[in-house]
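A.B. asks: So that you have it, the file is entry-v9.cif, and it contains mmCIF, C-alpha atoms:
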```cif
data_work
#
loop_
_atom_site.label_atom_id
_atom_site.label_comp_id
_atom_site.auth_asym_id
_atom_site.auth_seq_id
_atom_site.Cartn_x
_atom_site.Cartn_y
_atom_site.Cartn_z
CA MET A 233 0.00 0.00 0.00
CA SER A 234 1.35 3.43 -0.96
CA ARG A 235 0.82 6.63 0.98
CA ILE A 236 -0.36 9.59 -1.10
CA PHE A 237 -0.47 13.08 0.39
CA ILE A 238 -2.72 15.74 -1.18
CA LEU A 239 -2.18 19.43 -0.53
CA VAL A 240 -4.79 22.01 -1.60
CA ASN A 241 -5.93 25.48 -0.54
CA ASP A 242 -9.64 24.68 0.03
CA GLU A 243 -11.99 21.74 0.37
CA SER A 244 -13.94 22.45 -2.82
CA THR A 245 -10.84 21.74 -4.89
CA ILE A 246 -10.95 18.16 -3.61
CA TYR A 247 -14.66 17.56 -3.29
CA ASN A 248 -15.78 19.07 -6.59
CA PHE A 249 -12.87 18.23 -8.87
CA ARG A 250 -10.68 15.46 -7.32
CA ARG A 251 -13.24 13.24 -5.64
CA GLU A 252 -13.20 10.58 -8.37
CA LEU A 253 -9.40 10.46 -8.29
CA ILE A 254 -9.37 9.95 -4.52
CA GLU A 255 -12.05 7.28 -4.73
CA MET A 256 -10.00 5.47 -7.35
CA LEU A 257 -6.81 5.68 -5.28
CA ILE A 258 -8.56 4.34 -2.17
CA SER A 259 -10.18 1.52 -4.18
CA LEU A 260 -6.70 0.52 -5.38
CA GLY A 261 -5.57 0.19 -1.77
CA HIS A 262 -3.62 3.41 -1.36
CA GLN A 263 -3.69 5.46 1.83
CA VAL A 264 -4.79 9.00 1.02
CA ILE A 265 -4.05 11.95 3.30
CA ALA A 266 -5.38 15.41 2.50
CA ALA A 267 -4.34 18.71 4.09
CA PHE A 268 -6.35 21.88 3.56
CA PRO A 269 -8.04 24.61 5.65
CA ARG A 270 -11.28 23.64 7.37
CA GLY A 271 -13.94 26.09 6.34
CA GLY A 272 -16.92 24.52 4.66
CA ASN A 273 -19.39 21.67 4.94
CA ARG A 274 -17.57 19.14 2.77
CA THR A 275 -14.76 18.06 5.11
CA ASP A 276 -16.83 15.36 6.81
CA GLU A 277 -17.87 13.96 3.44
CA ILE A 278 -14.24 13.86 2.31
CA GLU A 279 -13.32 11.91 5.45
CA LYS A 280 -16.22 9.50 4.85
CA MET A 281 -14.62 8.64 1.52
CA GLY A 282 -11.80 7.07 3.54
CA CYS A 283 -9.43 10.01 3.32
CA THR A 284 -7.35 11.07 6.35
CA TYR A 285 -7.86 14.80 6.91
CA ILE A 286 -5.39 17.32 8.34
CA ASP A 287 -6.51 20.86 9.11
CA LEU A 288 -3.91 23.16 7.54
CA PRO A 289 -4.75 26.89 7.84
CA MET A 290 -3.87 28.70 4.63
CA GLU A 291 -4.80 32.17 3.35
CA ARG A 292 -5.15 31.91 -0.40
CA LYS A 293 -4.82 35.64 -1.10
CA SER A 294 -2.35 36.61 1.62
CA LYS A 295 0.96 38.12 0.46
CA ASN A 296 2.36 38.30 4.00
CA PRO A 297 5.86 36.74 3.82
CA LEU A 298 5.83 35.76 7.52
CA LYS A 299 2.57 33.84 7.12
CA ASP A 300 3.90 32.15 4.00
CA LEU A 301 7.13 31.22 5.77
CA LEU A 302 5.09 29.66 8.58
CA LEU A 303 2.97 27.78 6.03
CA ASN A 304 6.11 26.51 4.31
CA THR A 305 7.47 25.26 7.66
CA LYS A 306 4.19 23.52 8.56
CA ILE A 307 4.08 21.74 5.20
CA LYS A 308 7.65 20.54 5.57
CA LYS A 309 6.91 19.20 9.08
CA LEU A 310 3.81 17.37 7.85
CA LEU A 311 5.64 15.73 4.98
CA LYS A 312 8.56 14.79 7.21
CA SER A 313 6.11 13.24 9.68
CA TYR A 314 4.07 11.22 7.16
CA LEU A 315 6.82 10.54 4.57
CA PRO A 316 4.38 9.91 1.71
CA ASP A 317 5.32 8.02 -1.42
CA VAL A 318 3.99 10.86 -3.56
CA LEU A 319 2.78 14.43 -2.96
CA LEU A 320 -0.08 15.75 -5.11
CA THR A 321 -0.50 19.54 -5.08
CA PHE A 322 -3.11 21.85 -6.58
CA THR A 323 -3.21 25.68 -6.80
CA ILE A 324 -0.35 28.14 -6.37
CA LYS A 325 0.76 28.06 -2.72
CA PRO A 326 0.47 24.28 -2.32
CA ASN A 327 2.40 23.85 -5.59
CA LEU A 328 5.21 26.18 -4.52
CA TYR A 329 5.61 25.39 -0.82
CA GLY A 330 4.79 21.72 -1.36
CA GLY A 331 7.43 21.66 -4.07
CA HIS A 332 10.01 23.30 -1.82
CA ALA A 333 9.36 20.89 1.07
CA SER A 334 9.13 17.72 -1.02
CA GLY A 335 12.30 18.65 -2.89
CA LYS A 336 14.20 18.97 0.39
CA LEU A 337 12.87 15.60 1.60
CA GLY A 338 13.27 13.73 -1.68
CA ILE A 339 9.54 13.03 -2.00
CA PRO A 340 8.16 12.91 -5.58
CA GLN A 341 5.72 15.72 -6.34
CA ILE A 342 3.02 15.84 -8.99
CA ALA A 343 1.78 19.43 -9.28
CA ASN A 344 -1.24 20.82 -11.09
CA ILE A 345 -1.17 24.38 -12.46
CA THR A 346 -4.81 25.43 -12.13
CA GLY A 347 -3.94 28.92 -13.39
CA LEU A 348 -0.89 31.15 -13.04
CA GLY A 349 -2.60 33.77 -10.87
CA THR A 350 -2.76 37.53 -11.08
CA ALA A 351 0.78 37.99 -9.77
CA ILE A 352 2.16 36.48 -12.98
CA GLU A 353 -0.60 37.82 -15.21
CA ASN A 354 0.36 41.40 -14.31
CA SER A 355 3.77 42.95 -14.75
CA GLY A 356 5.88 44.24 -11.85
CA TRP A 357 7.94 42.99 -8.95
CA MET A 358 5.37 40.38 -7.88
CA LYS A 359 5.65 38.71 -11.28
CA THR A 360 9.45 38.63 -11.01
CA ILE A 361 9.36 37.16 -7.50
CA SER A 362 6.71 34.60 -8.46
CA LEU A 363 8.73 33.34 -11.42
CA ILE A 364 11.85 33.06 -9.25
CA MET A 365 9.86 31.02 -6.73
CA TYR A 366 8.59 28.69 -9.45
CA LYS A 367 12.15 28.15 -10.68
CA ILE A 368 13.60 27.45 -7.23
CA PHE A 369 10.74 25.74 -5.39
CA MET A 370 9.59 23.45 -8.21
CA LYS A 371 12.89 22.52 -9.82
CA GLU A 372 12.65 19.00 -8.32
CA THR A 373 8.99 18.46 -9.23
CA ASN A 374 8.58 15.16 -11.07
CA CYS A 375 5.53 16.13 -13.11
CA ILE A 376 3.76 19.44 -13.61
CA PHE A 377 0.31 19.10 -15.14
CA PHE A 378 -0.90 22.15 -17.06
CA GLN A 379 -4.56 22.75 -17.78
CA ASN A 380 -4.01 24.82 -20.91
CA ALA A 381 -1.27 25.05 -23.51
CA GLU A 382 -0.70 28.79 -23.08
CA ASN A 383 0.23 28.44 -19.39
CA MET A 384 2.60 25.61 -20.26
CA ARG A 385 4.30 27.56 -23.05
CA PHE A 386 4.66 30.63 -20.84
CA LEU A 387 6.45 28.85 -17.99
CA GLN A 388 8.54 26.70 -20.31
CA ASN A 389 9.69 29.84 -22.13
CA LYS A 390 10.87 31.06 -18.71
CA GLY A 391 12.85 27.84 -18.23
CA ILE A 392 10.30 26.25 -15.88
CA ALA A 393 8.81 22.74 -16.32
CA VAL A 394 10.66 22.23 -19.61
CA LYS A 395 11.00 18.47 -19.02
CA SER A 396 8.34 17.87 -16.38
CA GLY A 397 5.43 19.71 -18.03
CA LYS A 398 2.46 17.73 -19.38
CA LEU A 399 -0.90 18.91 -20.71
CA ILE A 400 -4.22 17.58 -19.38
CA PRO A 401 -7.78 18.77 -20.18
CA GLY A 402 -8.27 20.84 -17.04
CA SER A 403 -9.87 18.94 -14.19
CA GLY A 404 -12.10 17.20 -16.70
CA VAL A 405 -15.81 16.79 -16.10
CA ASN A 406 -17.72 13.87 -14.60
CA LEU A 407 -19.99 12.96 -17.52
CA LYS A 408 -22.06 10.59 -15.38
CA LYS A 409 -22.88 13.33 -12.88
CA PHE A 410 -23.32 16.18 -15.35
CA THR A 411 -25.75 14.67 -17.83
CA VAL A 412 -27.61 16.33 -20.71
CA LEU A 413 -30.62 18.18 -19.35
CA PRO A 414 -33.80 18.82 -21.36
CA TYR A 415 -33.51 22.16 -23.12
CA PRO A 416 -36.03 24.78 -21.89
CA ASP A 417 -38.79 25.68 -24.30
CA ASP A 418 -40.62 28.55 -22.71
CA ALA A 419 -41.12 32.24 -23.37
CA ALA A 420 -38.46 33.58 -21.00
CA ILE A 421 -34.82 33.27 -22.12
CA ARG A 422 -32.52 32.79 -19.14
CA PHE A 423 -28.79 33.53 -19.09
CA THR A 424 -26.85 32.18 -16.12
CA TYR A 425 -23.54 33.24 -14.60
CA ILE A 426 -22.01 30.77 -12.11
CA GLY A 427 -18.80 31.69 -10.33
CA ARG A 428 -17.10 33.92 -7.81
CA ILE A 429 -18.33 37.51 -7.92
CA MET A 430 -15.19 39.49 -8.69
CA LYS A 431 -14.01 42.03 -11.24
CA GLN A 432 -11.69 39.71 -13.14
CA LYS A 433 -14.50 37.23 -13.67
CA GLY A 434 -16.18 39.89 -15.81
CA ILE A 435 -19.01 40.77 -13.44
CA GLU A 436 -18.96 44.47 -14.39
CA GLU A 437 -19.22 43.70 -18.11
CA LEU A 438 -22.05 41.27 -17.39
CA LEU A 439 -24.02 43.84 -15.38
CA LYS A 440 -23.57 46.47 -18.10
CA ALA A 441 -24.74 44.01 -20.74
CA ALA A 442 -27.71 42.90 -18.67
CA LYS A 443 -28.81 46.50 -18.11
CA THR A 444 -28.66 47.24 -21.85
CA ILE A 445 -30.39 44.03 -22.93
CA LYS A 446 -33.22 44.40 -20.40
CA LYS A 447 -34.12 47.79 -21.86
CA VAL A 448 -34.87 46.14 -25.21
CA TYR A 449 -35.95 42.58 -24.40
CA SER A 450 -38.68 42.05 -21.81
CA ASN A 451 -38.51 38.25 -21.97
CA VAL A 452 -34.86 37.92 -20.89
CA GLU A 453 -33.60 37.02 -17.40
CA PHE A 454 -30.07 37.15 -16.01
CA HIS A 455 -29.32 34.82 -13.10
CA ILE A 456 -26.13 35.21 -11.08
CA VAL A 457 -24.92 32.42 -8.79
CA GLY A 458 -21.84 32.47 -6.59
CA PRO A 459 -20.14 33.97 -3.54
CA CYS A 460 -19.08 37.62 -3.41
CA GLU A 461 -15.29 37.69 -3.16
CA GLU A 462 -15.15 41.43 -3.68
CA ASP A 463 -17.39 44.30 -2.61
CA TYR A 464 -20.26 43.81 -5.07
CA GLY A 465 -23.02 43.11 -2.55
CA LYS A 466 -24.73 46.50 -2.84
CA VAL A 467 -24.26 46.64 -6.62
CA LEU A 468 -25.95 43.28 -7.04
CA SER A 469 -28.73 44.27 -4.65
CA ASP A 470 -29.39 47.52 -6.55
CA HIS A 471 -29.48 45.69 -9.90
CA GLU A 472 -31.87 43.13 -8.45
CA LYS A 473 -34.18 45.88 -7.16
CA ASP A 474 -34.20 47.35 -10.66
CA ASN A 475 -35.21 43.92 -12.06
CA ILE A 476 -32.01 43.67 -14.12
CA ILE A 477 -30.68 40.48 -12.51
CA LYS A 478 -31.63 37.78 -10.03
CA TYR A 479 -28.86 37.03 -7.53
CA HIS A 480 -29.02 33.62 -5.85
CA GLY A 481 -25.90 33.71 -3.66
CA GLU A 482 -23.62 30.70 -3.32
CA ALA A 483 -24.96 27.26 -4.23
CA ASN A 484 -23.47 23.81 -3.68
CA ASN A 485 -25.69 22.27 -6.33
CA THR A 486 -25.78 24.04 -9.70
CA PHE A 487 -28.09 21.55 -11.46
CA GLN A 488 -31.23 23.60 -10.85
CA PHE A 489 -29.61 26.60 -12.53
CA HIS A 490 -28.35 24.64 -15.53
CA GLU A 491 -31.77 23.05 -15.82
CA GLN A 492 -33.60 26.37 -16.20
CA SER A 493 -30.85 28.08 -18.21
CA HIS A 494 -30.74 28.60 -21.96
CA CYS A 495 -27.13 29.78 -22.00
CA THR A 496 -24.16 30.15 -19.65
CA ILE A 497 -22.33 33.48 -19.66
CA HIS A 498 -18.73 33.54 -18.43
CA PRO A 499 -17.02 36.83 -19.40
CA SER A 500 -13.93 36.08 -17.29
CA TYR A 501 -10.47 37.54 -17.86
CA TYR A 502 -9.13 35.86 -14.72
CA PRO A 503 -6.00 33.74 -15.33
CA GLU A 504 -7.69 30.33 -15.04
CA GLY A 505 -6.31 26.92 -15.88
CA MET A 506 -9.56 25.60 -17.35
CA SER A 507 -13.03 26.79 -16.41
CA ASN A 508 -14.91 24.04 -14.60
CA VAL A 509 -18.13 26.05 -14.87
CA LEU A 510 -17.91 25.92 -18.64
CA LEU A 511 -17.07 22.21 -18.69
CA GLU A 512 -20.10 21.44 -16.51
CA SER A 513 -22.35 23.73 -18.56
CA ALA A 514 -21.33 22.08 -21.82
CA ALA A 515 -21.77 18.62 -20.28
CA CYS A 516 -25.35 19.59 -19.37
CA GLY A 517 -26.04 20.61 -22.97
CA ARG A 518 -25.97 24.36 -22.51
CA PRO A 519 -24.55 26.83 -25.06
CA ILE A 520 -21.82 29.14 -23.77
CA ILE A 521 -20.81 32.77 -24.22
CA THR A 522 -17.31 33.27 -22.88
CA THR A 523 -14.03 35.11 -23.31
CA ASP A 524 -11.54 34.46 -26.08
CA ARG A 525 -8.68 33.66 -23.70
CA SER A 526 -6.94 30.58 -22.36
CA GLY A 527 -8.92 28.58 -19.85
CA CYS A 528 -12.19 29.49 -21.57
CA LYS A 529 -11.74 29.42 -25.35
CA GLU A 530 -10.65 25.77 -25.39
CA ILE A 531 -14.20 24.71 -24.48
CA VAL A 532 -15.97 26.71 -27.19
CA ASP A 533 -15.91 26.25 -30.95
CA ASP A 534 -17.08 29.73 -31.91
CA GLY A 535 -20.51 29.62 -33.53
CA ILE A 536 -20.84 25.85 -32.97
CA ASN A 537 -21.48 25.37 -29.26
CA GLY A 538 -21.37 29.02 -28.23
CA PHE A 539 -19.74 32.38 -28.88
CA LEU A 540 -16.39 33.91 -27.95
CA ILE A 541 -16.14 37.55 -26.89
CA LYS A 542 -13.32 40.04 -26.47
CA GLN A 543 -11.88 40.52 -22.99
CA LYS A 544 -13.35 43.36 -20.92
CA SER A 545 -15.82 44.25 -23.67
CA ALA A 546 -19.41 44.79 -22.57
CA LYS A 547 -20.16 45.90 -26.14
CA ASP A 548 -19.06 42.59 -27.63
CA LEU A 549 -20.93 40.69 -24.92
CA ILE A 550 -24.12 42.59 -25.75
CA GLU A 551 -23.71 41.78 -29.45
CA LYS A 552 -23.22 38.06 -28.78
CA ILE A 553 -26.20 37.95 -26.41
CA GLU A 554 -28.38 39.54 -29.09
CA GLN A 555 -27.00 37.13 -31.69
CA PHE A 556 -27.98 34.25 -29.43
CA LEU A 557 -31.44 35.70 -28.75
CA ASN A 558 -32.14 35.84 -32.49
CA LEU A 559 -31.52 32.11 -32.94
CA ASP A 560 -34.40 29.63 -33.12
CA ASN A 561 -34.80 27.53 -30.01
CA SER A 562 -33.96 24.39 -31.98
CA VAL A 563 -30.64 25.94 -33.05
CA LYS A 564 -29.84 26.86 -29.45
CA GLU A 565 -30.54 23.30 -28.39
CA LYS A 566 -28.23 21.95 -31.13
CA MET A 567 -25.48 24.27 -29.91
CA GLY A 568 -25.84 22.79 -26.43
CA LEU A 569 -25.67 19.23 -27.75
CA ALA A 570 -22.55 20.14 -29.76
CA GLY A 571 -20.96 21.27 -26.48
CA ARG A 572 -21.82 17.95 -24.86
CA GLU A 573 -20.23 16.08 -27.75
CA LYS A 574 -17.09 18.20 -27.43
CA VAL A 575 -16.58 17.51 -23.72
CA GLU A 576 -17.23 13.80 -24.27
CA MET A 577 -14.42 13.73 -26.82
CA GLU A 578 -11.91 16.05 -25.14
CA PHE A 579 -12.69 16.69 -21.46
CA ASP A 580 -13.88 13.44 -19.86
CA ARG A 581 -12.57 13.32 -16.26
CA ASP A 582 -11.49 9.72 -16.85
CA ILE A 583 -8.75 11.13 -19.11
CA VAL A 584 -7.38 13.15 -16.18
CA ILE A 585 -7.60 10.24 -13.74
CA LYS A 586 -5.72 7.98 -16.16
CA ALA A 587 -2.95 10.59 -16.51
CA TYR A 588 -2.60 10.75 -12.71
CA LEU A 589 -2.52 6.98 -12.30
CA ASN A 590 0.23 6.71 -14.91
CA GLU A 591 2.35 9.36 -13.18
CA LEU A 592 1.72 7.90 -9.74
CA GLU A 593 2.85 4.47 -10.90
CA ARG A 594 6.02 5.98 -12.34
CA CYS A 595 6.79 7.93 -9.14
CA ILE A 596 6.00 5.09 -6.74
CA SER A 597 8.27 2.70 -8.63
CA LYS A 598 11.19 5.05 -7.91
CA TRP A 599 10.38 6.02 -4.30
CA SER A 600 8.35 3.77 -2.06
CA PRO A 601 9.25 3.73 1.66
CA HIS A 602 5.88 2.08 2.43
CA GLY A 603 6.13 -0.45 -0.41
#
```
Take the structure from the file and write it as structure tokens.
C.D. replies:
Amino acid sequence: MSRIFILVNDESTIYNFRRELIEMLISLGHQVIAAFPRGGNRTDEIEKMGCTYIDLPMERKSKNPLKDLLLNTKIKKLLKSYLPDVLLTFTIKPNLYGGHASGKLGIPQIANITGLGTAIENSGWMKTISLIMYKIFMKETNCIFFQNAENMRFLQNKGIAVKSGKLIPGSGVNLKKFTVLPYPDDAAIRFTYIGRIMKQKGIEELLKAAKTIKKVYSNVEFHIVGPCEEDYGKVLSDHEKDNIIKYHGEANNTFQFHEQSHCTIHPSYYPEGMSNVLLESAACGRPIITTDRSGCKEIVDDGINGFLIKQKSAKDLIEKIEQFLNLDNSVKEKMGLAGREKVEMEFDRDIVIKAYLNELERCISKWSPHG
């Protein structure tokens, strides 16, 4: 039996996107240990899967060097205590500090770049420091999975992950869970946004577009689902009072929103690895309007299963919404089914699980203190 240690920055990363991988590892007889901050209602369910849980406080957005140094020390102590056969890391801080600690201890690491983050997206000293950290902390990483080709090219051009980098289709999507839903055939046309409420996710462009569209089309609804990560509470409330949007807050289960939706809108310019919201929407048979940038554009064949828009352009978003509204309902439904076919071919989560199992087998054969 091998011991596999998973390091993430929040429980949703495991429960929503890695659950099938963990279930597979446990079914194969591996011991799985997961460390992440306690903070939601999924931790108990993760433990019920047979996973050993360790509460590891971690501030995802903190740039405090003392806190990060403490986090780095805690991770190193945990790995030294458990001595896993392999370390799996997801998101930026776990990738970096997990890479630093595992490199010192000689423990194989498989990292997953779920997006490069705003520090690298923007220019300045934070970008320089971040790239230096990637070079130093992850130089011993055995495999670095990238979720889109642009992220991989960028880091490899900087001399990072030149040999260890491999491309996978994001987190993939569970096609058994996210099944094709009947397409709505009623008078109201509903657009749905699902995601964190923050500027870089395109919320301002969406609100501008919704306001413009509602002035012209009385049969259109805009539904917004997700937690407010930035100060948009009053803005959303004011738009809701004016009957421009309907805000539903955070939801663990998005099926009810996909079920009623005619189209998913995702005007993000956030540096994502691969948008899980779009993968799930396409799997449910819903057309997509999203940004022409890495992490989003890979899921949309423009004009086939949705439309691509320019970054930060409310004008282009309005035009694509109107273009969609002018389609017959049967054409909209065909667009959704084309999206389902695309994710079946390219983004099945089984593809991701197979890639992990192959890398784990390779790592364990080289380092296995628990044999």
A.B. asks: Set the distance at 6 Å and use only C-alpha atoms: which residues neighbour Thr321 in chain A once local chain neighbours fewer than 5 positions away are removed? I'd like the list as a list in words.
C.D. replies: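 Answer for this query is Ile238, Leu239, Pro326, Asn327 and Ala343 of chain A.
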A.B. asks: Which one is closest to Asn383 in chain A: A:Gly282, A:Pro519, A:Pro503, A:Gly272? Count all atoms listed in the file.
C.D. replies: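 Comparing A:Gly282, A:Pro519, A:Pro503, A:Gly272 against Asn383 in chain A, the winner is A:Pro503.
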A.B. asks: Just checking: using only C-alpha atoms, which residue out of A:Ala515, A:Ile265, A:Glu436, A:Ile476 ends up closest to Met577 in chain A?
C.D. replies: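 Ranking A:Ala515, A:Ile265, A:Glu436, A:Ile476 by distance to Met577 in chain A, first place goes to A:Ala515.
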A.B. asks: Quick one, how far is CA of Gly538 in chain A from CA of Asp582 in chain A?
C.D. replies: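 Computed distance, CA of Gly538 in chain A to CA of Asp582 in chain A, equals 24.5 Å.
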A.B. asks: Which residues, named as in the file, does the PyMOL selection byres ((chain A and resi 390-406) around 8) pick out? Answer as a PyMOL selection string.
C.D. replies: chain A and resi 249-250+346+363+366-367+371+373-381+384+386-389+407-410+505-508+511-512+515+575+578-584+587
A.B. asks: What residues come out when you apply the PyMOL selection byres ((chain A and resi 572) around 6) to this file, written as a ChimeraX atom specification?
C.D. replies: /A:514-515,517,569-571,573-575
A.B. asks: For Phe268 in chain A, please output as a PyMOL selection string all residues within 9 Å (counting only C-alpha atoms; exclusion window: fewer than 3 positions along the same chain).
C.D. replies: chain A and resi 238-243+285-290
A.B. asks: Any chance you could work out the axis-aligned box around range 535-549 of chain A, listed atoms only, 6 Å on each side, giving centre and edge lengths in Å to one decimal, as AutoDock Vina command-line options?
C.D. replies:
```
--center_x -16.7 --center_y 35.6 --center_z -27.2 --size_x 21.6 --size_y 32.5 --size_z 24.6
```
A.B. asks: Between A:Gly338, A:Gly535, A:Gly330, A:Gly527, which one has atoms that come closest to Met370 in chain A, using all atoms listed in the file?
C.D. replies: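 Of A:Gly338, A:Gly535, A:Gly330, A:Gly527, the one nearest Met370 in chain A is A:Gly330, counting all atoms listed in the file.
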A.B. asks: Please evaluate the PyMOL selection byres ((chain A and resi 305) around 12) against the structure above and give the resulting residues as a compact mmCIF listing (two decimals) with C-alpha atoms, in the frame of the given file.
C.D. replies:
```
# COMPACT_ATOMS: atom_id res chain seq x y z
CA LEU A 288 -3.91 23.16 7.54
CA LEU A 298 5.83 35.76 7.52
CA LYS A 299 2.57 33.84 7.12
CA ASP A 300 3.90 32.15 4.00
CA LEU A 301 7.13 31.22 5.77
CA LEU A 302 5.09 29.66 8.58
CA LEU A 303 2.97 27.78 6.03
CA ASN A 304 6.11 26.51 4.31
CA LYS A 306 4.19 23.52 8.56
CA ILE A 307 4.08 21.74 5.20
CA LYS A 308 7.65 20.54 5.57
CA LYS A 309 6.91 19.20 9.08
CA LEU A 310 3.81 17.37 7.85
CA LEU A 311 5.64 15.73 4.98
CA LYS A 312 8.56 14.79 7.21
CA TYR A 329 5.61 25.39 -0.82
CA GLY A 330 4.79 21.72 -1.36
CA HIS A 332 10.01 23.30 -1.82
CA ALA A 333 9.36 20.89 1.07
CA SER A 334 9.13 17.72 -1.02
CA LYS A 336 14.20 18.97 0.39
```
A.B. asks: Could you pull the residues within 10 Å of Phe556 in chain A, counting all atoms listed in the file, minus those fewer than 3 positions along the same chain, as a list in words?
C.D. replies: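 My list of contacting residues is His494, Cys495, Pro519, Ile520, Ile521, Gly535, Gly538, Phe539, Ile550, Glu551, Lys552, Ile553, Leu559, Asp560, Asn561, Val563 and Lys564 of chain A.
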A.B. asks: Find the spatial neighbours of Tyr502 in chain A, counting all atoms listed in the file, within a cut-off of 8 Å - ignore same-chain residues fewer than 6 positions away - and output them as a ChimeraX atom specification.
C.D. replies: /A:349-350,432-433
A.B. asks: CA of Ala442 in chain A to CA of Gln492 in chain A: how many Å, to one decimal?
C.D. replies: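 Calculated distance between CA of Ala442 in chain A and CA of Gln492 in chain A is 17.7 Å.
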A.B. asks: For Glu504 in chain A, which of A:Val264, A:Cys528, A:Ile246, A:Ile352 is the closest residue, counting all atoms listed in the file?
C.D. replies: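 Selected residue with least distance to Glu504 in chain A: A:Cys528.
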A.B. asks: Counting all atoms listed in the file, figure out which residue out of A:Ile536, A:Met358, A:Ile426, A:Lys547 gets nearest to Lys443 in chain A.
C.D. replies: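 The closest residue to Lys443 in chain A is A:Lys547.
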A.B. asks: Mind pulling up the distance from CA of Ile429 in chain A to CA of Lys544 in chain A?
C.D. replies: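 For CA of Lys544 in chain A relative to CA of Ile429 in chain A, the distance reads 15.1 Å.
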